[in-house]
file structure.cif (mmCIF, C-alpha atoms)
data_target
#
loop_
_atom_site.group_PDB
_atom_site.id
_atom_site.type_symbol
_atom_site.label_atom_id
_atom_site.label_comp_id
_atom_site.auth_asym_id
_atom_site.auth_seq_id
_atom_site.Cartn_x
_atom_site.Cartn_y
_atom_site.Cartn_z
ATOM 1 C CA MET A 1 38.457 -20.862 14.927
ATOM 2 C CA SER A 2 36.701 -22.842 17.643
ATOM 3 C CA VAL A 3 33.292 -24.430 17.142
ATOM 4 C CA SER A 4 31.699 -22.093 19.712
ATOM 5 C CA VAL A 5 33.141 -19.024 18.009
ATOM 6 C CA THR A 6 32.025 -20.324 14.624
ATOM 7 C CA ARG A 7 28.514 -20.935 15.934
ATOM 8 C CA PHE A 8 28.439 -17.461 17.471
ATOM 9 C CA ALA A 9 29.588 -15.865 14.224
ATOM 10 C CA TRP A 10 27.017 -17.846 12.231
ATOM 11 C CA SER A 11 24.191 -17.003 14.637
ATOM 12 C CA SER A 12 25.176 -13.342 14.583
ATOM 13 C CA LEU A 13 25.219 -13.363 10.789
ATOM 14 C CA SER A 14 21.836 -15.097 10.707
ATOM 15 C CA ALA A 15 20.390 -12.554 13.134
ATOM 16 C CA ALA A 16 21.775 -9.691 11.063
ATOM 17 C CA CYS A 17 20.277 -11.159 7.883
ATOM 18 C CA ALA A 18 16.946 -11.632 9.613
ATOM 19 C CA LEU A 19 17.012 -8.017 10.776
ATOM 20 C CA LEU A 20 17.809 -6.829 7.265
ATOM 21 C CA LEU A 21 14.947 -8.939 5.932
ATOM 22 C CA VAL A 22 12.522 -7.445 8.452
ATOM 23 C CA ASN A 23 13.702 -3.927 7.662
ATOM 24 C CA ALA A 24 13.381 -4.630 3.949
ATOM 25 C CA CYS A 25 9.813 -5.832 4.446
ATOM 26 C CA LEU A 26 8.988 -2.767 6.508
ATOM 27 C CA ALA A 27 10.553 -0.514 3.882
ATOM 28 C CA ALA A 28 8.599 -2.281 1.130
ATOM 29 C CA ASP A 29 5.349 -1.541 2.947
ATOM 30 C CA GLY A 30 6.249 2.063 3.807
ATOM 31 C CA PRO A 31 5.948 5.187 1.652
ATOM 32 C CA GLU A 32 8.534 5.421 -1.098
ATOM 33 C CA ALA A 33 9.446 8.234 -3.496
ATOM 34 C CA GLN A 34 9.559 7.132 -7.120
ATOM 35 C CA THR A 35 10.265 8.820 -10.449
ATOM 36 C CA LEU A 36 7.915 8.357 -13.390
ATOM 37 C CA ARG A 37 8.005 9.602 -16.957
ATOM 38 C CA ALA A 38 5.043 11.529 -18.281
ATOM 39 C CA VAL A 39 3.705 10.541 -21.693
ATOM 40 C CA ASP A 40 5.789 13.311 -23.253
ATOM 41 C CA GLY A 41 8.895 12.304 -21.280
ATOM 42 C CA HIS A 42 8.853 14.915 -18.518
ATOM 43 C CA PRO A 43 10.053 13.398 -15.207
ATOM 44 C CA LEU A 44 7.552 13.239 -12.384
ATOM 45 C CA THR A 45 8.132 12.460 -8.722
ATOM 46 C CA ILE A 46 5.526 10.685 -6.635
ATOM 47 C CA THR A 47 5.318 9.112 -3.201
ATOM 48 C CA TYR A 48 3.647 5.714 -3.100
ATOM 49 C CA TYR A 49 2.041 4.458 0.099
ATOM 50 C CA PRO A 50 1.287 0.764 -0.511
ATOM 51 C CA VAL A 51 -1.278 -1.174 1.439
ATOM 52 C CA SER A 52 0.447 -3.564 3.825
ATOM 53 C CA SER A 53 1.460 -6.837 2.206
ATOM 54 C CA LYS A 54 -0.118 -8.545 5.230
ATOM 55 C CA ALA A 55 -3.552 -7.113 4.452
ATOM 56 C CA GLY A 56 -6.233 -9.549 3.399
ATOM 57 C CA ASN A 57 -7.669 -9.057 -0.102
ATOM 58 C CA ARG A 58 -4.926 -6.550 -0.867
ATOM 59 C CA GLN A 59 -5.780 -6.713 -4.557
ATOM 60 C CA ASP A 60 -9.157 -5.101 -3.847
ATOM 61 C CA SER A 61 -7.686 -2.116 -2.003
ATOM 62 C CA PRO A 62 -8.951 1.288 -3.193
ATOM 63 C CA VAL A 63 -6.475 3.972 -4.227
ATOM 64 C CA VAL A 64 -6.431 7.744 -3.658
ATOM 65 C CA VAL A 65 -4.318 10.127 -5.753
ATOM 66 C CA LEU A 66 -3.464 13.340 -3.878
ATOM 67 C CA LEU A 67 -2.673 16.398 -5.991
ATOM 68 C CA HIS A 68 -1.129 19.573 -4.589
ATOM 69 C CA GLY A 69 -2.525 23.062 -5.020
ATOM 70 C CA SER A 70 -0.816 26.235 -6.233
ATOM 71 C CA ASP A 71 2.074 26.046 -3.755
ATOM 72 C CA GLN A 72 5.335 25.225 -5.541
ATOM 73 C CA LYS A 73 6.338 22.863 -2.710
ATOM 74 C CA GLY A 74 4.039 20.274 -4.252
ATOM 75 C CA ARG A 75 3.404 16.860 -2.741
ATOM 76 C CA ILE A 76 5.565 17.472 0.350
ATOM 77 C CA LEU A 77 2.588 19.382 1.759
ATOM 78 C CA TRP A 78 0.773 16.044 1.840
ATOM 79 C CA ASP A 79 3.728 13.871 2.818
ATOM 80 C CA LYS A 80 5.157 16.043 5.584
ATOM 81 C CA SER A 81 2.072 17.786 6.946
ATOM 82 C CA ALA A 82 1.592 17.554 10.683
ATOM 83 C CA PRO A 83 -1.369 15.589 12.038
ATOM 84 C CA ALA A 84 -4.417 17.635 12.921
ATOM 85 C CA ARG A 85 -5.115 18.293 16.569
ATOM 86 C CA GLY A 86 -6.294 15.071 18.171
ATOM 87 C CA GLU A 87 -5.034 12.973 15.243
ATOM 88 C CA GLU A 88 -2.028 10.634 15.235
ATOM 89 C CA MET A 89 -1.352 10.816 11.482
ATOM 90 C CA ASN A 90 -1.762 13.239 8.612
ATOM 91 C CA LEU A 91 -4.430 12.549 5.978
ATOM 92 C CA ALA A 92 -2.191 10.617 3.567
ATOM 93 C CA GLN A 93 -0.948 8.378 6.362
ATOM 94 C CA SER A 94 -4.380 7.826 7.903
ATOM 95 C CA LEU A 95 -5.958 6.913 4.565
ATOM 96 C CA ASN A 96 -3.161 4.417 4.023
ATOM 97 C CA LYS A 97 -3.708 2.960 7.494
ATOM 98 C CA ASP A 98 -7.423 2.651 6.667
ATOM 99 C CA GLY A 99 -6.613 0.377 3.740
ATOM 100 C CA TYR A 100 -6.152 2.794 0.846
ATOM 101 C CA ALA A 101 -3.154 2.761 -1.423
ATOM 102 C CA VAL A 102 -2.109 6.426 -1.634
ATOM 103 C CA VAL A 103 -0.110 8.287 -4.267
ATOM 104 C CA THR A 104 0.979 11.892 -3.747
ATOM 105 C CA VAL A 105 2.084 13.600 -6.949
ATOM 106 C CA ASP A 106 4.363 16.430 -7.996
ATOM 107 C CA LEU A 107 2.911 17.518 -11.315
ATOM 108 C CA ARG A 108 5.406 19.008 -13.764
ATOM 109 C CA LYS A 109 7.323 22.065 -12.534
ATOM 110 C CA PHE A 110 6.107 21.519 -8.965
ATOM 111 C CA GLY A 111 8.093 20.072 -6.083
ATOM 112 C CA ASP A 112 10.670 17.589 -7.343
ATOM 113 C CA SER A 113 9.190 17.288 -10.845
ATOM 114 C CA LYS A 114 11.539 19.835 -12.376
ATOM 115 C CA VAL A 115 14.306 19.541 -14.951
ATOM 116 C CA ALA A 116 17.140 21.858 -15.967
ATOM 117 C CA GLY A 117 15.728 24.551 -18.176
ATOM 118 C CA ASP A 118 12.245 24.487 -16.689
ATOM 119 C CA MET A 119 10.897 28.002 -16.496
ATOM 120 C CA ALA A 120 10.227 29.297 -13.012
ATOM 121 C CA ASN A 121 6.676 30.157 -14.013
ATOM 122 C CA ILE A 122 4.143 27.613 -15.201
ATOM 123 C CA ARG A 123 3.295 28.105 -18.882
ATOM 124 C CA PRO A 124 -0.398 28.314 -19.856
ATOM 125 C CA ASP A 125 -0.204 25.021 -21.773
ATOM 126 C CA ASP A 126 1.500 23.163 -18.901
ATOM 127 C CA TRP A 127 -1.837 22.579 -17.193
ATOM 128 C CA GLU A 128 -3.160 20.732 -20.235
ATOM 129 C CA LYS A 129 -0.014 18.581 -20.211
ATOM 130 C CA MET A 130 -0.538 17.797 -16.531
ATOM 131 C CA SER A 131 -3.979 16.433 -17.358
ATOM 132 C CA SER A 132 -3.206 14.655 -20.630
ATOM 133 C CA SER A 133 0.370 13.507 -19.959
ATOM 134 C CA ASP A 134 1.277 13.576 -16.250
ATOM 135 C CA MET A 135 -1.916 12.021 -14.928
ATOM 136 C CA PHE A 136 -1.847 9.202 -17.455
ATOM 137 C CA ALA A 137 1.690 8.386 -16.308
ATOM 138 C CA VAL A 138 0.293 8.130 -12.783
ATOM 139 C CA LYS A 139 -2.437 5.847 -14.083
ATOM 140 C CA GLN A 140 0.145 3.647 -15.798
ATOM 141 C CA PHE A 141 1.921 3.361 -12.449
ATOM 142 C CA LEU A 142 -1.372 2.310 -10.852
ATOM 143 C CA TYR A 143 -1.960 -0.195 -13.644
ATOM 144 C CA ASP A 144 1.405 -1.806 -12.913
ATOM 145 C CA ARG A 145 0.593 -2.018 -9.195
ATOM 146 C CA HIS A 146 -2.865 -3.345 -10.062
ATOM 147 C CA GLN A 147 -1.371 -6.142 -12.152
ATOM 148 C CA GLU A 148 0.886 -6.968 -9.203
ATOM 149 C CA LYS A 149 -2.301 -7.243 -7.110
ATOM 150 C CA GLN A 150 -1.241 -4.438 -4.755
ATOM 151 C CA LEU A 151 -4.462 -2.456 -5.345
ATOM 152 C CA ASN A 152 -7.628 -2.232 -7.421
ATOM 153 C CA MET A 153 -7.291 0.604 -9.923
ATOM 154 C CA ASN A 154 -11.040 0.421 -10.647
ATOM 155 C CA LYS A 155 -11.642 1.906 -7.180
ATOM 156 C CA MET A 156 -9.827 5.198 -7.681
ATOM 157 C CA ALA A 157 -10.357 8.619 -6.120
ATOM 158 C CA ILE A 158 -8.575 11.922 -6.704
ATOM 159 C CA ILE A 159 -8.204 14.800 -4.250
ATOM 160 C CA ALA A 160 -7.228 18.053 -5.966
ATOM 161 C CA ALA A 161 -6.829 21.626 -4.745
ATOM 162 C CA GLY A 162 -7.164 25.033 -6.376
ATOM 163 C CA PRO A 163 -5.683 24.998 -9.905
ATOM 164 C CA THR A 164 -5.256 21.218 -9.995
ATOM 165 C CA ALA A 165 -9.054 20.820 -9.856
ATOM 166 C CA PRO A 166 -9.304 21.310 -13.665
ATOM 167 C CA VAL A 167 -6.424 18.834 -14.050
ATOM 168 C CA ALA A 168 -8.297 16.166 -12.081
ATOM 169 C CA LEU A 169 -11.625 16.861 -13.780
ATOM 170 C CA ASN A 170 -10.235 16.733 -17.323
ATOM 171 C CA PHE A 171 -8.269 13.576 -16.595
ATOM 172 C CA ALA A 172 -11.360 11.918 -15.125
ATOM 173 C CA ALA A 173 -13.423 12.878 -18.176
ATOM 174 C CA ALA A 174 -10.765 11.493 -20.542
ATOM 175 C CA ASP A 175 -10.520 8.302 -18.478
ATOM 176 C CA LEU A 176 -14.296 7.906 -18.584
ATOM 177 C CA ALA A 177 -14.295 8.156 -22.388
ATOM 178 C CA MET A 178 -11.442 5.695 -22.958
ATOM 179 C CA PRO A 179 -12.573 2.727 -25.082
ATOM 180 C CA PRO A 180 -11.795 -0.846 -23.991
ATOM 181 C CA HIS A 181 -9.227 -3.123 -25.576
ATOM 182 C CA ASP A 182 -10.475 -4.745 -28.763
ATOM 183 C CA ASP A 183 -9.810 -8.212 -27.346
ATOM 184 C CA ALA A 184 -13.218 -9.896 -27.420
ATOM 185 C CA PRO A 185 -16.059 -10.147 -29.974
ATOM 186 C CA VAL A 186 -18.693 -9.011 -27.469
ATOM 187 C CA PHE A 187 -18.370 -5.504 -26.007
ATOM 188 C CA GLU A 188 -19.241 -6.617 -22.471
ATOM 189 C CA ASN A 189 -16.330 -9.083 -22.521
ATOM 190 C CA LYS A 190 -13.714 -6.583 -23.660
ATOM 191 C CA THR A 191 -11.061 -5.575 -21.141
ATOM 192 C CA PRO A 192 -11.575 -1.993 -19.944
ATOM 193 C CA ARG A 193 -8.848 0.626 -20.148
ATOM 194 C CA GLY A 194 -10.772 3.410 -18.434
ATOM 195 C CA GLN A 195 -13.793 4.189 -16.247
ATOM 196 C CA ASP A 196 -11.637 3.863 -13.120
ATOM 197 C CA VAL A 197 -12.197 7.202 -11.337
ATOM 198 C CA ARG A 198 -15.073 6.728 -8.910
ATOM 199 C CA ALA A 199 -14.876 9.896 -6.816
ATOM 200 C CA ILE A 200 -13.278 13.332 -6.793
ATOM 201 C CA VAL A 201 -12.681 15.669 -3.855
ATOM 202 C CA LEU A 202 -12.070 19.316 -4.741
ATOM 203 C CA LEU A 203 -10.573 21.721 -2.193
ATOM 204 C CA SER A 204 -11.207 25.398 -3.050
ATOM 205 C CA PRO A 205 -11.546 24.504 -6.742
ATOM 206 C CA GLU A 206 -10.654 26.903 -9.519
ATOM 207 C CA MET A 207 -12.604 26.668 -12.769
ATOM 208 C CA SER A 208 -9.581 27.114 -15.012
ATOM 209 C CA ALA A 209 -5.792 26.893 -14.953
ATOM 210 C CA GLY A 210 -3.841 28.342 -17.857
ATOM 211 C CA LYS A 211 -5.539 27.094 -21.024
ATOM 212 C CA LEU A 212 -7.287 24.282 -19.173
ATOM 213 C CA THR A 213 -10.943 24.824 -18.277
ATOM 214 C CA SER A 214 -13.418 22.687 -16.331
ATOM 215 C CA ASN A 215 -16.801 23.279 -17.960
ATOM 216 C CA ARG A 216 -16.595 20.632 -20.667
ATOM 217 C CA ALA A 217 -15.222 18.022 -18.266
ATOM 218 C CA LEU A 218 -17.948 18.756 -15.729
ATOM 219 C CA ASN A 219 -20.612 18.319 -18.397
ATOM 220 C CA VAL A 220 -19.205 14.838 -19.066
ATOM 221 C CA LEU A 221 -18.814 13.845 -15.433
ATOM 222 C CA ARG A 222 -22.197 15.118 -14.268
ATOM 223 C CA VAL A 223 -24.180 12.593 -16.340
ATOM 224 C CA PRO A 224 -25.762 10.106 -13.904
ATOM 225 C CA ALA A 225 -24.668 7.144 -16.019
ATOM 226 C CA ALA A 226 -21.031 8.125 -15.357
ATOM 227 C CA GLY A 227 -21.565 7.433 -11.659
ATOM 228 C CA ILE A 228 -18.887 9.910 -10.571
ATOM 229 C CA ALA A 229 -19.238 11.077 -6.960
ATOM 230 C CA MET A 230 -17.950 14.497 -5.943
ATOM 231 C CA LEU A 231 -17.254 16.348 -2.709
ATOM 232 C CA VAL A 232 -16.538 20.080 -2.869
ATOM 233 C CA VAL A 233 -14.845 21.631 0.156
ATOM 234 C CA VAL A 234 -14.504 25.400 0.583
ATOM 235 C CA GLY A 235 -13.963 27.520 3.672
ATOM 236 C CA ALA A 236 -17.051 29.401 4.825
ATOM 237 C CA GLN A 237 -14.939 32.536 5.184
ATOM 238 C CA ASP A 238 -13.054 32.050 1.897
ATOM 239 C CA THR A 239 -14.648 34.749 -0.226
ATOM 240 C CA ALA A 240 -12.221 34.189 -3.123
ATOM 241 C CA ASP A 241 -13.238 30.579 -3.822
ATOM 242 C CA LYS A 242 -16.864 30.309 -2.688
ATOM 243 C CA GLY A 243 -18.227 31.339 -6.076
ATOM 244 C CA ASN A 244 -16.316 28.699 -8.052
ATOM 245 C CA ALA A 245 -17.021 26.026 -5.445
ATOM 246 C CA LYS A 246 -20.745 26.760 -5.559
ATOM 247 C CA LYS A 247 -20.732 26.719 -9.358
ATOM 248 C CA VAL A 248 -19.063 23.288 -9.491
ATOM 249 C CA PHE A 249 -21.403 21.877 -6.865
ATOM 250 C CA GLU A 250 -24.585 23.216 -8.459
ATOM 251 C CA LEU A 251 -23.615 22.024 -11.925
ATOM 252 C CA MET A 252 -23.011 18.491 -10.629
ATOM 253 C CA ASP A 253 -25.909 18.506 -8.184
ATOM 254 C CA LYS A 254 -28.533 19.434 -10.776
ATOM 255 C CA ALA A 255 -27.723 16.299 -12.747
ATOM 256 C CA GLN A 256 -28.191 13.900 -9.831
ATOM 257 C CA ALA A 257 -30.945 11.361 -10.177
ATOM 258 C CA LYS A 258 -33.679 11.808 -7.576
ATOM 259 C CA ASN A 259 -33.004 8.432 -5.989
ATOM 260 C CA GLU A 260 -29.255 8.920 -5.511
ATOM 261 C CA LYS A 261 -26.876 11.093 -3.532
ATOM 262 C CA ARG A 262 -23.393 11.361 -4.961
ATOM 263 C CA VAL A 263 -22.632 15.101 -4.920
ATOM 264 C CA TYR A 264 -21.866 16.988 -1.704
ATOM 265 C CA MET A 265 -20.507 20.306 -0.509
ATOM 266 C CA VAL A 266 -19.107 21.144 2.916
ATOM 267 C CA SER A 267 -18.050 24.567 4.175
ATOM 268 C CA PRO A 268 -15.890 24.368 7.306
ATOM 269 C CA GLN A 269 -15.699 27.473 9.464
ATOM 270 C CA LEU A 270 -12.319 28.463 8.034
ATOM 271 C CA ARG A 271 -10.883 31.178 5.832
ATOM 272 C CA ASP A 272 -8.040 28.920 4.650
ATOM 273 C CA ARG A 273 -7.966 27.600 1.103
ATOM 274 C CA GLU A 274 -6.600 24.650 -0.863
ATOM 275 C CA LEU A 275 -4.394 22.389 1.297
ATOM 276 C CA GLY A 276 -4.580 24.973 4.057
ATOM 277 C CA LEU A 277 -7.975 23.447 4.841
ATOM 278 C CA ILE A 278 -6.298 20.210 5.906
ATOM 279 C CA GLY A 279 -5.288 19.826 9.545
ATOM 280 C CA LYS A 280 -7.262 22.779 10.926
ATOM 281 C CA ALA A 281 -10.721 21.360 11.675
ATOM 282 C CA PRO A 282 -10.642 17.589 11.104
ATOM 283 C CA ASP A 283 -14.250 17.066 12.176
ATOM 284 C CA GLN A 284 -15.318 19.507 9.437
ATOM 285 C CA VAL A 285 -12.848 18.480 6.709
ATOM 286 C CA GLU A 286 -10.997 15.189 7.151
ATOM 287 C CA VAL A 287 -13.933 13.284 8.641
ATOM 288 C CA PRO A 288 -16.333 14.200 5.790
ATOM 289 C CA ILE A 289 -13.608 13.319 3.263
ATOM 290 C CA ARG A 290 -13.020 9.899 4.825
ATOM 291 C CA ASN A 291 -16.763 9.176 5.032
ATOM 292 C CA PHE A 292 -17.215 10.224 1.400
ATOM 293 C CA LEU A 293 -14.324 8.054 0.181
ATOM 294 C CA ASN A 294 -15.486 5.065 2.198
ATOM 295 C CA LYS A 295 -18.994 5.245 0.765
ATOM 296 C CA HIS A 296 -18.161 5.921 -2.879
ATOM 297 C CA VAL A 297 -14.769 4.257 -3.334
ATOM 298 C CA LYS A 298 -13.892 1.749 -0.623
ATOM 299 C CA GLU A 299 -17.359 0.187 -0.634
ATOM 300 C CA TYR A 300 -17.734 0.347 -4.415
ATOM 301 C CA PRO A 301 -18.555 -3.193 -5.631
ATOM 302 C CA SER A 302 -15.726 -3.898 -8.059
ATOM 303 C CA ALA A 303 -13.626 -7.033 -7.647
ATOM 304 C CA TRP A 304 -10.067 -7.151 -8.964
ATOM 305 C CA ARG A 305 -9.776 -8.340 -12.557
ATOM 306 C CA ASP A 306 -6.901 -8.808 -14.944
ATOM 307 C CA ARG A 307 -6.538 -5.637 -17.027
ATOM 308 C CA LYS A 308 -4.103 -6.967 -19.626
ATOM 309 C CA ASN A 309 -5.153 -7.081 -23.256
ATOM 310 C CA LYS A 310 -6.314 -10.677 -23.708
ATOM 311 C CA VAL A 311 -4.899 -10.773 -27.251
ATOM 312 C CA THR A 312 -1.604 -8.887 -27.107
ATOM 313 C CA GLY A 313 -0.869 -9.206 -23.374
#

call {"tool": "encode", "arguments": {"input": "structure.cif", "output": "C-alpha cells"}}
result
Amino acid sequence: MSVSVTRFAWSSLSAACALLLVNACLAADGPEAQTLRAVDGHPLTITYYPVSSKAGNRQDSPVVVLLHGSDQKGRILWDKSAPARGEEMNLAQSLNKDGYAVVTVDLRKFGDSKVAGDMANIRPDDWEKMSSSDMFAVKQFLYDRHQEKQLNMNKMAIIAAGPTAPVALNFAAADLAMPPHDDAPVFENKTPRGQDVRAIVLLSPEMSAGKLTSNRALNVLRVPAAGIAMLVVVGAQDTADKGNAKKVFELMDKAQAKNEKRVYMVSPQLRDRELGLIGKAPDQVEVPIRNFLNKHVKEYPSAWRDRKNKVTG
C-alpha cells in the first residue's frame, strides 16, 4: 500500500471515529429510554432528558418528573406529543432546553412498564405501589444522576394528571417526612435523604385512585413550613374535574402564610382534561407552568451537595 493511500485510509478512519464520537456525545445529551426496578422489583420504563453536558453549573440544574394520566399509553404522550401552535417543541423538550433535567415515567402497568401476567386492569392496591415503590425508584435514579453532578435533586418538581395526582402527593408527603442519614452528631449537619420536592403541578387532579387517597398527604404538604408550592390546572369547561381541583386548591391555599404566595390555580378556556390540556392553549397552560416552575424550582436557592452517607458511603 502506498504512503498516500495509507494516509488517506488513516484520515478516513480518524474522521469516522471523530464522527462517531460526536454522535455519541449528542446521543448522551439527548433523551434516552431506560429501565428501572421499583422497590418491589416491578420493571419501570422512563425517558431521561439530561441537561447538556456543555451547560455551566450543570450540577445545579432543576429536575421535573412528568407523570401520565389515566391513558394506558403512558409517558409517550409526553415524549411524542406535538408542539403547541406557535411552539417549536413539546413541553418536555422545551423544559429540557430551558435547563431542566426531565424524566417522563411509565408507572406500573402503563405504557412500557408491563410484565407478562400483568392484569389488563389496574388493581386498587397498584396505586399505592406506584407511590411507595415506583416513585422511590425514580428518586433513586435521580440520586444517581445527582451524585454524577448531572442535576440537583433538591430542586425537584412533579407534574401529575388525573389519577396520578394522589401518587405524586403521597410520594411528596413521604419524601418530606424522610429522616436524614445518621452520619453526624448535630442534626443540622446530617445528610438529608428527603425534602427534595419543591413544587407540584396537578392537571385535572383526582382526589383518589384505587385505595390511594390525597387528603392525608395534602394535610402534610399544606403546612407552610413544608414550603411546597402547587399549581392546579383545570379546564374552565371541564365540569367533571372542577370540583376536585377547587378542593385541592382551597385546602392548600387556606394554609398559606399571609406574606407568601405559593399556591395557584389556573382555568384555561378548555373542556379538555389531564394531558389533553397540554398543547391546546399554551399561553393559558404551558406559560403559567413554566413561570411557576421557574419561580419555585429553578430559582430555589439550593446549591448542589454530596448526598452520600458520610459514614457508610

call {"tool": "closest_residue", "arguments": {"input": "structure.cif", "among": "A:Pro50, A:Gly117, A:Pro185, A:Gly69", "to": "Asn96 in chain A", "atoms": "all atoms listed in the file"}}
result
A:Pro50

call {"tool": "resolve_selection", "arguments": {"input": "structure.cif", "expression": "the PyMOL selection byres ((chain A and resi 304) around 6)", "output": "list of chain:residue names"}}
result
A:Asp60, A:Asn152, A:Ala303, A:Arg305

call {"tool": "residues_around", "arguments": {"input": "structure.cif", "residues": "range 86-92 of chain A", "least_positions_apart": "2", "cutoff": "9 Å", "atoms": "all atoms listed in the file", "output": "number ranges by chain"}}
result
A: 49, 64, 66, 78-84, 94-97, 102-104, 278-279, 282, 286

call {"tool": "residues_around", "arguments": {"input": "structure.cif", "residues": "Leu44 in chain A", "least_positions_apart": "5", "cutoff": "9 Å", "atoms": "all atoms listed in the file", "output": "list in words"}}
result
Gln34, Thr35, Leu36, Arg37, Ala38, Val105, Asp106, Leu107, Arg108, Lys109, Asp112, Ser113, Lys114, Asp134, Ala137 and Val138 of chain A

call {"tool": "resolve_selection", "arguments": {"input": "structure.cif", "expression": "the PyMOL selection byres ((chain A and resi 234) around 9)", "output": "ChimeraX atom specification"}}
result
/A:202-205,232-233,235-238,241-242,245-246,265-268,270-274,277

call {"tool": "axis_aligned_box", "arguments": {"input": "structure.cif", "around": "range 244-254 of chain A", "padding_each_side": "6 Å", "output": "lines of an AutoDock Vina configuration file"}}
result
center_x = -22.4
center_y = 23.6
center_z = -8.7
size_x = 24.2
size_y = 22.2
size_z = 18.5

call {"tool": "resolve_selection", "arguments": {"input": "structure.cif", "expression": "the PyMOL selection byres ((chain A and resi 208) around 10)", "output": "PyMOL selection string"}}
result
chain A and resi 127+162-167+205-207+209-215+244

call {"tool": "write_last_selection", "arguments": {"input": "structure.cif", "atoms": "C-alpha atoms", "output": "mmCIF file, in the frame of the given file"}}
result
data_model
loop_
_atom_site.group_PDB
_atom_site.id
_atom_site.type_symbol
_atom_site.label_atom_id
_atom_site.label_comp_id
_atom_site.auth_asym_id
_atom_site.auth_seq_id
_atom_site.Cartn_x
_atom_site.Cartn_y
_atom_site.Cartn_z
ATOM 1 C CA TRP A 127 -1.837 22.579 -17.193
ATOM 2 C CA GLY A 162 -7.164 25.033 -6.376
ATOM 3 C CA PRO A 163 -5.683 24.998 -9.905
ATOM 4 C CA THR A 164 -5.256 21.218 -9.995
ATOM 5 C CA ALA A 165 -9.054 20.820 -9.856
ATOM 6 C CA PRO A 166 -9.304 21.310 -13.665
ATOM 7 C CA VAL A 167 -6.424 18.834 -14.050
ATOM 8 C CA PRO A 205 -11.546 24.504 -6.742
ATOM 9 C CA GLU A 206 -10.654 26.903 -9.519
ATOM 10 C CA MET A 207 -12.604 26.668 -12.769
ATOM 11 C CA ALA A 209 -5.792 26.893 -14.953
ATOM 12 C CA GLY A 210 -3.841 28.342 -17.857
ATOM 13 C CA LYS A 211 -5.539 27.094 -21.024
ATOM 14 C CA LEU A 212 -7.287 24.282 -19.173
ATOM 15 C CA THR A 213 -10.943 24.824 -18.277
ATOM 16 C CA SER A 214 -13.418 22.687 -16.331
ATOM 17 C CA ASN A 215 -16.801 23.279 -17.960
ATOM 18 C CA ASN A 244 -16.316 28.699 -8.052
#

call {"tool": "closest_residue", "arguments": {"input": "structure.cif", "among": "A:Ile122, A:Ala33, A:Met156, A:Ala168", "to": "Ser61 in chain A", "atoms": "all atoms listed in the file"}}
result
A:Met156

call {"tool": "closest_residue", "arguments": {"input": "structure.cif", "among": "A:Ala199, A:Ile158, A:Leu231, A:Val223", "to": "Leu67 in chain A", "atoms": "only C-alpha atoms"}}
result
A:Ile158

call {"tool": "residues_around", "arguments": {"input": "structure.cif", "residues": "Glu260 in chain A", "least_positions_apart": "4", "cutoff": "10 Å", "atoms": "all atoms listed in the file", "output": "list in words"}}
result
Pro224, Gly227 and Gln256 of chain A

call {"tool": "residues_near_point", "arguments": {"input": "structure.cif", "point": "(-1.3, -10.5, -29.0)", "cutoff": "12 Å", "atoms": "all atoms listed in the file", "output": "list in words"}}
result
His181, Asp182, Asp183, Lys308, Asn309, Lys310, Val311, Thr312 and Gly313 of chain A

call {"tool": "atom_distance", "arguments": {"input": "structure.cif", "atom1": "CA of Thr47 in chain A", "atom2": "CA of Asp126 in chain A"}}
result
21.4 Å

call {"tool": "closest_residue", "arguments": {"input": "structure.cif", "among": "A:Gln147, A:Gln284, A:Asn170, A:Asn291", "to": "Arg307 in chain A", "atoms": "all atoms listed in the file"}}
result
A:Gln147

call {"tool": "closest_residue", "arguments": {"input": "structure.cif", "among": "A:Phe110, A:Ala101, A:Ser70, A:Val63", "to": "Thr45 in chain A", "atoms": "all atoms listed in the file"}}
result
A:Phe110
